[in-house]
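Beneath this line is the structure, given in structure tokens, with notes to follow.
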2 protein chains.
Amino acid sequence: MDNSALIKELASFLRADQLLTSDEDLSVYAFDGTAMLHNRPACVVLPERGEEVAQILALCNKKAVPVVTRGSGTGLAGGAVPSEGGVVLCLVRLNKIIELDAANLVMVCEPGVLTQKVADEALAAGLFYPPDPGSIKISTIGGNVANNSGGLRGLKYGVTRDYIMGLEVVLADGQILETGNKCVKDVAGFALKDLFIGSEGMLGVITKVILKLVPAPASKKTLLGLYDDMTQAAETVSAIIENKIIPCTLEFLDRTTIECVESYAKIGLPTDCEAVLLMEVDGHPAEVDEQAAQIKEIARQGGAREVRLAATVEEGLRLAAARRTAFSALARLAPTVVLEDVTVPRSELARMVAYVQEVGERHQVKVGTFGHMGDGNLHPTFLCDERNEEEMARVEKAMEEVFSFAVELGGTITGEHGVGLAKKPFLPKQLGPVGMDVLKRVKIAFDPVGILNPGNMFD
Amino acid sequence: MDNSALIKELASFLRADQLLTSDEDLSVYAFDGTAMLHNRPACVVLPERGEEVAQILALCNKKAVPVVTRGSGTGLAGGAVPSEGGVVLCLVRLNKIIELDAANLVMVCEPGVLTQKVADEALAAGLFYPPDPGSIKISTIGGNVANNSGGLRGLKYGVTRDYIMGLEVVLADGQILETGNKCVKDVAGFALKDLFIGSEGMLGVITKVILKLVPAPASKKTLLGLYDDMTQAAETVSAIIENKIIPCTLEFLDRTTIECVESYAKIGLPTDCEAVLLMEVDGHPAEVDEQAAQIKEIARQGGAREVRLAATVEEGLRLAAARRTAFSALARLAPTVVLEDVTVPRSELARMVAYVQEVGERHQVKVGTFGHMGDGNLHPTFLCDERNEEEMARVEKAMEEVFSFAVELGGTITGEHGVGLAKKPFLPKQLGPVGMDVLKRVKIAFDPVGILNPGNMFD
């Protein structure tokens with residue numbers, strides 16, 4: 001495809017530093033955080049205002065040129081991998097926090113603001129932005145909205161969707177839509193805002209976000225439970241919830257992950273454990289103390305070999321680091337790391353974890369599993385080498401079986417990473433023909449020319 | 001329109017008691033809870049299974065016959081008023097609670113279950129279904145989902161949307177779509193579930209609901225603040241939130257409403273107050289006690305003439321009755337009661353309330369206002385007589401001005417009642433031409449023949 005005419009038109013309203021076309025630049029934007037996927041775009045555009053986004057889309061829509069929108073490019077499902085010969089629309093320069101409105105518990109910002117900055121600014125005002133995807137330090141809030149990112153606090157606090165009050169969205173043809181506002185309640189019209197959340201850049205481009213904040217919890221306690229058996233860990237989670245306690249964090253690591261974390265971060269975990277549970281409660285100090293003591297007792301009765309209760313905030317952070325470093329620790333071990341994201345109803349989690357281990361053994365692939373036990377969201381992480389075709393075929397087969405089993409258990413092929421290019425082949429298994437048909441009808445209603453992230457999620 | 005052929009076909013798979021066509025029956029189903037709106041349907045169908053709903057829609061879609069879906073018909077925006085000569089699809093016989101899955105904090109039920117029953121069944125298992133629309137005792141959960149109903153706990157607990165994990169929906173052509181599941185996290189595909197929530201029966205018919213439950217709070221305290229000035233009441237609300245307290249209830253009544261409530265319910269409210277605030281906190285007992293004491297102090301400092309803190313659960317219920325009976329108390333006073341539903345950012349509420357009073361005086365219409373102060377959601381209630389055309393014209397004018405001002409303040413024409421037929425003329429003012437255009441595109445994608453609640457929300 002010859003895009004010189006397009007690039008010329010883009011150059012008529014963008015500065016040279018906003019329009020990248022050199023080989024070196026295009027290589028850098030050829031991929032996101034997903035293993036094995038890359039395509040070469042025609043150019044990269046770096047708008048600085050919503051109006052520029054509108055101009056870019058209007059032009060691309062007229063010329064039927066594919067546009068893939070991205071922030072920091074930390075996605076793990078290939079949702080920000082460019083279309084070959086298309087435009088990469090990178091929003092990192094739309095990076096202003098426009099307003100922190102404490103009276104209404106609201107922050108308004110542009111999509112390119114780093115999520116960590118949102119959290120920090122909120123905290124500075126005594127407020128709390130709960131969603132905390134693993135990538136929080138480097139991912140952008142716009143990317144979080146487009147993927148409805150989860151994180152470590154899903155069970156108690158929900159996910160990104162639960163903190164979005166309004167959006168400004170540029171539609172495929174360049175029209176600007178405002179949806180939602182600072183009201184706690186609004187039922188005027190269909191829930192368009194909610195449709196854009198998690199739409200992976202396929203229905204419009206988010207150029208402004210109205211975020212809901214909550215008061216910061218006054219207290220927090222961290223516990224670590226060490227188990228000789230994964231089922232015991234899962235039973236502890238069930239028992240905690242049966243006791244009407246909703247921790248803000250309920251994470252686990254399996255043995256492979258524990259070994260990697262210990263060798264990487266030297267936290268002092270016994271490497272012969274089959275499971276580690278990270279449990280955190282937050283809220284009013286009296287409630288937190290009570291719940292932490294209850295959890296300690298529940299974990300012990302549930303067969304934990306040892307339960308560590310952090311005495312200080314620093315010790316809590318050190319224990320939490322066991323989980324926070326899991327991905328990095330695993331990633332050290334292999335040239336290619338495929339991080340999966342199946343989710344099942346919480347009650348099925350022990351079965352799912354056991355199945356992943358069994359599949360790994362059967363296909364002789366190395367897999368470590370960690371994740372959000374309270375959410376039923378686990379991340380089987382395949383350690384492999386993409387240069388070894390035979391091995392990759394086994395990994396592919398193992399993944400397919402893992403996805404199928406998750407769907408059989410009433411679960412999903414992706415809890416928080418999105419479908420993207422990576423999980424597209426597996427989506428029809430979960431949604432069925434009626435679901436796939438409706439997705440396509442919605443896509444056509446919003447993007448009739450089909451320029452926005454074409455080939456993502458479905459063909 | 002001659003519908004005898006349609007009725008004959010419906011009779012081929014519905015029993016006589018499931019297909020109503022007599023004059024008496026059609027009169028009963030000619031309206032919902034909204035003043036002044038009624039239309040005569042051709043027939044009323046009462047399916048008992050999702051498959052019957054699918055058969056009914058497939059048939060109506062083939063014949064292009066309008067279908068208006070309803071539950072108890074308690075809506076206040078005309079969303080369940082039939083199309084003249086169309087079919088009323090009444091789902092009250094789909095009334096089974098299918099499952100209460102405590103391990104996953106989930107209830108699965110059919111749409112015709114009364115919301116109060118959902119709440120009661122949850123509570124019997126030590127769990128809590130927080131949304132509590134004013135109509136909770138008689139409205140159905142399906143109607144709540146279709147309207148994304150709010151209620152008295154929005155600020156702390158959110159609205160119906162926040163408790164819907166999955167839906168089974170029959171599409172306009174009779175196909176059955178499952179969207180969502182029991183997983184806390186799921187980002188596979190667009191958020192179709194969220195699009196159906198609040199879609200007012202225009203995109204599909206909900207035949208099954210997967211509800212999220214939370215542990216029931218251990219303790220609750222109720223306070224009533226009496227004020228000589230509405231602005232002081234609003235300032236108390238702001239001060240509570242600035243102190244990082246999020247009450248589960250923050251309701252208010254204006255003087256007109258106070259007078260009506262006192263004459264109706266004899267609660268012992270001084271009728272010379274300008275505002276009454278009902279404030280409730282729930283959660284851990286230590287936190288609740290602390291917050292109740294803080295609120296008492298904040299209200300006093302904020303100028304409350306008197307603050308009553310209920311000593312017992314029974315006294316709490318008696319104080320809360322002041323707010324719970326507001327609608328009934330006002331409704332006694334006039335033949336026609338038009339209950340409005342504007343919402344503004346919380347910080348603008350005092351201005352909005354003052355404006356409603358000023359508009360009422362200017363147009364010489366009697367209006368009492370009460371509502372959810374913590375949510376910025378207020379219910380100006382116009383007391384009038386629909387037989388008096390001249391008076392109704394003044395009411396209409398006053399309402400228009402109220403809607404316009406709400407939108408000017410960054411608010412919405414409807415916080416929880418929906419658009420329906422009643423607020424359709426005002427929707428473009430809030431959403432603008434781009435928003436209206438997108439709504440229509442979505443409608444066509446889901447219901448190309450246009451049988452589902454046609455003429456609702458927009459033409």
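Please note that chains go A, B, ... in the order of the structure tokens, that every chain numbers its residues from 1, and that ligands are numbered from 1 in the order shown.
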Within 7 Å of chain B: each chain A residue with its shortest pair, only C-alpha atoms, as JSON lines:
{"residue": "A:Ala103", "atom": "CA", "partner": "B:Ser347", "partner_atom": "CA", "distance": 6.2}
{"residue": "A:Asn104", "atom": "CA", "partner": "B:Arg346", "partner_atom": "CA", "distance": 6.0}
{"residue": "A:Asn148", "atom": "CA", "partner": "B:Val187", "partner_atom": "CA", "distance": 6.9}
{"residue": "A:Leu155", "atom": "CA", "partner": "B:Val184", "partner_atom": "CA", "distance": 6.8}
{"residue": "A:Leu177", "atom": "CA", "partner": "B:Val434", "partner_atom": "CA", "distance": 6.0}
{"residue": "A:Asn181", "atom": "CA", "partner": "B:Gly410", "partner_atom": "CA", "distance": 6.7}
{"residue": "A:Lys182", "atom": "CA", "partner": "B:Pro345", "partner_atom": "CA", "distance": 5.4}
{"residue": "A:Cys183", "atom": "CA", "partner": "B:Pro345", "partner_atom": "CA", "distance": 4.8}
{"residue": "A:Val184", "atom": "CA", "partner": "B:Asp375", "partner_atom": "CA", "distance": 5.4}
{"residue": "A:Lys185", "atom": "CA", "partner": "B:Gly415", "partner_atom": "CA", "distance": 4.7}
{"residue": "A:Asp186", "atom": "CA", "partner": "B:Gly415", "partner_atom": "CA", "distance": 4.2}
{"residue": "A:Val187", "atom": "CA", "partner": "B:Gly418", "partner_atom": "CA", "distance": 5.5}
{"residue": "A:Ala188", "atom": "CA", "partner": "B:Thr414", "partner_atom": "CA", "distance": 5.7}
{"residue": "A:Gly189", "atom": "CA", "partner": "B:Val419", "partner_atom": "CA", "distance": 7.0}
{"residue": "A:Phe190", "atom": "CA", "partner": "B:Ser199", "partner_atom": "CA", "distance": 5.3}
{"residue": "A:Ala191", "atom": "CA", "partner": "B:Leu195", "partner_atom": "CA", "distance": 5.3}
{"residue": "A:Asp194", "atom": "CA", "partner": "B:Asp194", "partner_atom": "CA", "distance": 6.1}
{"residue": "A:Leu195", "atom": "CA", "partner": "B:Ala191", "partner_atom": "CA", "distance": 5.3}
{"residue": "A:Gly198", "atom": "CA", "partner": "B:Phe190", "partner_atom": "CA", "distance": 6.3}
{"residue": "A:Ser199", "atom": "CA", "partner": "B:Phe190", "partner_atom": "CA", "distance": 5.3}
{"residue": "A:Pro215", "atom": "CA", "partner": "B:Lys244", "partner_atom": "CA", "distance": 5.3}
{"residue": "A:Ser238", "atom": "CA", "partner": "B:Ala103", "partner_atom": "CA", "distance": 6.6}
{"residue": "A:Glu242", "atom": "CA", "partner": "B:Ala103", "partner_atom": "CA", "distance": 6.9}
{"residue": "A:Lys244", "atom": "CA", "partner": "B:Pro215", "partner_atom": "CA", "distance": 5.3}
{"residue": "A:His284", "atom": "CA", "partner": "B:Glu287", "partner_atom": "CA", "distance": 6.2}
{"residue": "A:Ala286", "atom": "CA", "partner": "B:Ala286", "partner_atom": "CA", "distance": 6.5}
{"residue": "A:Glu287", "atom": "CA", "partner": "B:His284", "partner_atom": "CA", "distance": 6.2}
{"residue": "A:Thr343", "atom": "CA", "partner": "B:Cys183", "partner_atom": "CA", "distance": 6.6}
{"residue": "A:Val344", "atom": "CA", "partner": "B:Cys183", "partner_atom": "CA", "distance": 5.7}
{"residue": "A:Pro345", "atom": "CA", "partner": "B:Cys183", "partner_atom": "CA", "distance": 4.8}
{"residue": "A:Arg346", "atom": "CA", "partner": "B:Asn104", "partner_atom": "CA", "distance": 6.0}
{"residue": "A:Ser347", "atom": "CA", "partner": "B:Ala103", "partner_atom": "CA", "distance": 6.2}
{"residue": "A:Asp375", "atom": "CA", "partner": "B:Val184", "partner_atom": "CA", "distance": 5.4}
{"residue": "A:Gly376", "atom": "CA", "partner": "B:Cys183", "partner_atom": "CA", "distance": 7.0}
{"residue": "A:Gly410", "atom": "CA", "partner": "B:Asn181", "partner_atom": "CA", "distance": 6.8}
{"residue": "A:Gly411", "atom": "CA", "partner": "B:Cys183", "partner_atom": "CA", "distance": 6.3}
{"residue": "A:Thr412", "atom": "CA", "partner": "B:Asp186", "partner_atom": "CA", "distance": 6.1}
{"residue": "A:Ile413", "atom": "CA", "partner": "B:Ala188", "partner_atom": "CA", "distance": 6.8}
{"residue": "A:Thr414", "atom": "CA", "partner": "B:Ala188", "partner_atom": "CA", "distance": 5.7}
{"residue": "A:Gly415", "atom": "CA", "partner": "B:Asp186", "partner_atom": "CA", "distance": 4.2}
{"residue": "A:Glu416", "atom": "CA", "partner": "B:Val187", "partner_atom": "CA", "distance": 5.8}
{"residue": "A:Gly418", "atom": "CA", "partner": "B:Val187", "partner_atom": "CA", "distance": 5.5}
{"residue": "A:Val419", "atom": "CA", "partner": "B:Ala188", "partner_atom": "CA", "distance": 5.9}
{"residue": "A:Leu427", "atom": "CA", "partner": "B:Ala188", "partner_atom": "CA", "distance": 6.9}
{"residue": "A:Val434", "atom": "CA", "partner": "B:Leu177", "partner_atom": "CA", "distance": 6.0}
{"residue": "A:Gly435", "atom": "CA", "partner": "B:Leu177", "partner_atom": "CA", "distance": 6.2}
{"residue": "A:Leu439", "atom": "CA", "partner": "B:Phe190", "partner_atom": "CA", "distance": 6.6}
{"residue": "A:Arg441", "atom": "CA", "partner": "B:Ala445", "partner_atom": "CA", "distance": 5.6}
{"residue": "A:Val442", "atom": "CA", "partner": "B:Ala445", "partner_atom": "CA", "distance": 6.3}
{"residue": "A:Ala445", "atom": "CA", "partner": "B:Arg441", "partner_atom": "CA", "distance": 5.6}
Would you mind listing what lies within 10 Å of A:Arg323 as a ChimeraX atom specification, with only C-alpha atoms counted and same-chain residues fewer than 2 positions away left out?
-> /A:134,152,251-253,257-258,261,276-278,318-321,325-327,329,370-372
Which residues in stretch 72-147 of chain B does DSSP call helix (DSSP H, G or I)? List them as a list in words.
-> Ala102, Ala103, Asn104, Thr115, Gln116, Lys117, Val118, Ala119, Asp120, Glu121, Ala122, Leu123, Ala124, Ile141, Gly142, Gly143, Asn144, Val145, Ala146 and Asn147 of chain B
Mind writing the picked residues with N, CA, C and O atoms as a PDB file, in the first residue's frame?
ATOM      1  N   ALA B 102     -23.510 -19.237  47.190  1.00  0.00           N
ATOM      2  CA  ALA B 102     -22.833 -18.417  48.201  1.00  0.00           C
ATOM      3  C   ALA B 102     -21.319 -18.432  48.023  1.00  0.00           C
ATOM      4  O   ALA B 102     -20.649 -17.435  48.289  1.00  0.00           O
ATOM      5  N   ALA B 103     -20.763 -19.550  47.556  1.00  0.00           N
ATOM      6  CA  ALA B 103     -19.306 -19.647  47.391  1.00  0.00           C
ATOM      7  C   ALA B 103     -18.810 -18.601  46.398  1.00  0.00           C
ATOM      8  O   ALA B 103     -17.709 -18.062  46.541  1.00  0.00           O
ATOM      9  N   ASN B 104     -19.627 -18.308  45.381  1.00  0.00           N
ATOM     10  CA  ASN B 104     -19.225 -17.313  44.393  1.00  0.00           C
ATOM     11  C   ASN B 104     -19.925 -15.971  44.596  1.00  0.00           C
ATOM     12  O   ASN B 104     -19.791 -15.070  43.763  1.00  0.00           O
ATOM     13  N   THR B 115     -37.831  -7.542  43.361  1.00  0.00           N
ATOM     14  CA  THR B 115     -36.519  -7.131  43.874  1.00  0.00           C
ATOM     15  C   THR B 115     -36.431  -7.356  45.383  1.00  0.00           C
ATOM     16  O   THR B 115     -35.395  -7.773  45.902  1.00  0.00           O
ATOM     17  N   GLN B 116     -37.533  -7.107  46.087  1.00  0.00           N
ATOM     18  CA  GLN B 116     -37.540  -7.341  47.535  1.00  0.00           C
ATOM     19  C   GLN B 116     -37.243  -8.804  47.856  1.00  0.00           C
ATOM     20  O   GLN B 116     -36.549  -9.112  48.818  1.00  0.00           O
ATOM     21  N   LYS B 117     -37.732  -9.706  47.003  1.00  0.00           N
ATOM     22  CA  LYS B 117     -37.482 -11.138  47.231  1.00  0.00           C
ATOM     23  C   LYS B 117     -35.991 -11.442  47.036  1.00  0.00           C
ATOM     24  O   LYS B 117     -35.411 -12.223  47.793  1.00  0.00           O
ATOM     25  N   VAL B 118     -35.382 -10.840  46.032  1.00  0.00           N
ATOM     26  CA  VAL B 118     -33.933 -10.992  45.835  1.00  0.00           C
ATOM     27  C   VAL B 118     -33.201 -10.565  47.106  1.00  0.00           C
ATOM     28  O   VAL B 118     -32.345 -11.282  47.629  1.00  0.00           O
ATOM     29  N   ALA B 119     -33.573  -9.391  47.615  1.00  0.00           N
ATOM     30  CA  ALA B 119     -32.912  -8.858  48.816  1.00  0.00           C
ATOM     31  C   ALA B 119     -33.138  -9.777  50.014  1.00  0.00           C
ATOM     32  O   ALA B 119     -32.205 -10.070  50.773  1.00  0.00           O
ATOM     33  N   ASP B 120     -34.370 -10.268  50.174  1.00  0.00           N
ATOM     34  CA  ASP B 120     -34.702 -11.130  51.324  1.00  0.00           C
ATOM     35  C   ASP B 120     -33.949 -12.460  51.262  1.00  0.00           C
ATOM     36  O   ASP B 120     -33.427 -12.934  52.270  1.00  0.00           O
ATOM     37  N   GLU B 121     -33.920 -13.066  50.073  1.00  0.00           N
ATOM     38  CA  GLU B 121     -33.242 -14.361  49.934  1.00  0.00           C
ATOM     39  C   GLU B 121     -31.749 -14.213  50.194  1.00  0.00           C
ATOM     40  O   GLU B 121     -31.113 -15.080  50.781  1.00  0.00           O
ATOM     41  N   ALA B 122     -31.183 -13.108  49.699  1.00  0.00           N
ATOM     42  CA  ALA B 122     -29.754 -12.860  49.934  1.00  0.00           C
ATOM     43  C   ALA B 122     -29.500 -12.737  51.436  1.00  0.00           C
ATOM     44  O   ALA B 122     -28.599 -13.376  51.987  1.00  0.00           O
ATOM     45  N   LEU B 123     -30.329 -11.942  52.093  1.00  0.00           N
ATOM     46  CA  LEU B 123     -30.150 -11.686  53.524  1.00  0.00           C
ATOM     47  C   LEU B 123     -30.260 -12.971  54.350  1.00  0.00           C
ATOM     48  O   LEU B 123     -29.523 -13.172  55.322  1.00  0.00           O
ATOM     49  N   ALA B 124     -31.156 -13.848  53.926  1.00  0.00           N
ATOM     50  CA  ALA B 124     -31.329 -15.121  54.639  1.00  0.00           C
ATOM     51  C   ALA B 124     -30.037 -15.940  54.590  1.00  0.00           C
ATOM     52  O   ALA B 124     -29.807 -16.793  55.445  1.00  0.00           O
ATOM     53  N   ILE B 141     -36.888  -7.587  39.244  1.00  0.00           N
ATOM     54  CA  ILE B 141     -35.456  -7.427  38.998  1.00  0.00           C
ATOM     55  C   ILE B 141     -35.191  -7.182  37.507  1.00  0.00           C
ATOM     56  O   ILE B 141     -34.302  -6.409  37.149  1.00  0.00           O
ATOM     57  N   GLY B 142     -35.985  -7.790  36.642  1.00  0.00           N
ATOM     58  CA  GLY B 142     -35.801  -7.569  35.199  1.00  0.00           C
ATOM     59  C   GLY B 142     -36.048  -6.112  34.833  1.00  0.00           C
ATOM     60  O   GLY B 142     -35.298  -5.517  34.053  1.00  0.00           O
ATOM     61  N   GLY B 143     -37.109  -5.534  35.411  1.00  0.00           N
ATOM     62  CA  GLY B 143     -37.381  -4.119  35.177  1.00  0.00           C
ATOM     63  C   GLY B 143     -36.258  -3.252  35.727  1.00  0.00           C
ATOM     64  O   GLY B 143     -35.835  -2.279  35.101  1.00  0.00           O
ATOM     65  N   ASN B 144     -35.724  -3.617  36.877  1.00  0.00           N
ATOM     66  CA  ASN B 144     -34.592  -2.879  37.465  1.00  0.00           C
ATOM     67  C   ASN B 144     -33.384  -2.907  36.532  1.00  0.00           C
ATOM     68  O   ASN B 144     -32.703  -1.904  36.355  1.00  0.00           O
ATOM     69  N   VAL B 145     -33.115  -4.075  35.939  1.00  0.00           N
ATOM     70  CA  VAL B 145     -31.961  -4.186  35.028  1.00  0.00           C
ATOM     71  C   VAL B 145     -32.210  -3.350  33.769  1.00  0.00           C
ATOM     72  O   VAL B 145     -31.347  -2.592  33.333  1.00  0.00           O
ATOM     73  N   ALA B 146     -33.414  -3.473  33.212  1.00  0.00           N
ATOM     74  CA  ALA B 146     -33.726  -2.763  31.964  1.00  0.00           C
ATOM     75  C   ALA B 146     -33.661  -1.250  32.149  1.00  0.00           C
ATOM     76  O   ALA B 146     -33.429  -0.509  31.196  1.00  0.00           O
ATOM     77  N   ASN B 147     -33.864  -0.784  33.380  1.00  0.00           N
ATOM     78  CA  ASN B 147     -33.825   0.652  33.654  1.00  0.00           C
ATOM     79  C   ASN B 147     -32.600   1.078  34.448  1.00  0.00           C
ATOM     80  O   ASN B 147     -32.460   2.237  34.790  1.00  0.00           O
TER      81      ASN B 147
END
Pick from B:Tyr227, B:Phe31, B:Tyr355, B:Tyr163 nearest to B:Phe405, counting only C-alpha atoms |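 Using only C-alpha atoms, B:Phe405 sits closest to B:Tyr355.
For the atom pair formed by atom CA of A:Cys109 and atom CA of B:Leu349, the distance is 23.7 Å, given to one decimal.
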B:Thr222 surroundings by only C-alpha atoms, 7 Å radius, close-in-sequence under 2 positions cut, as an NGL selection string = :B and (220 or 224 or 279-281 or 309-310 or 316)
Using only C-alpha atoms, find the one residue out of B:His379, B:Lys8, B:Lys266, B:His38 that sits nearest to B:Glu84.
-> B:His38
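Within 12 Å of A:Lys63, once only C-alpha atoms are used and residues closer than 6 positions along the same chain are dropped, the contacting residues are Met1, Asp2, Asn3, Ala5, Leu6, Ile7, Glu9, Leu10, Ile56, Leu57, Gly86, Val87, Ala172, Asp173, Val449, Gly450 and Ile451 of chain A.
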Can you work out which one of B:Val337, B:Val395, B:Ala331, B:Ala54 has the shortest atom-to-atom distance to B:Val356, counting only C-alpha atoms?
->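 Closest residue, counting only C-alpha atoms: B:Val395.
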Report the residues of stretch 141-318 of chain A whose backbone DSSP state falls under strand (DSSP E or B), written as a VMD selection string.
-> chain A and resid 164 to 170 176 to 180 205 to 212 214 to 215 219 to 227 249 to 254 275 to 283 306 to 309
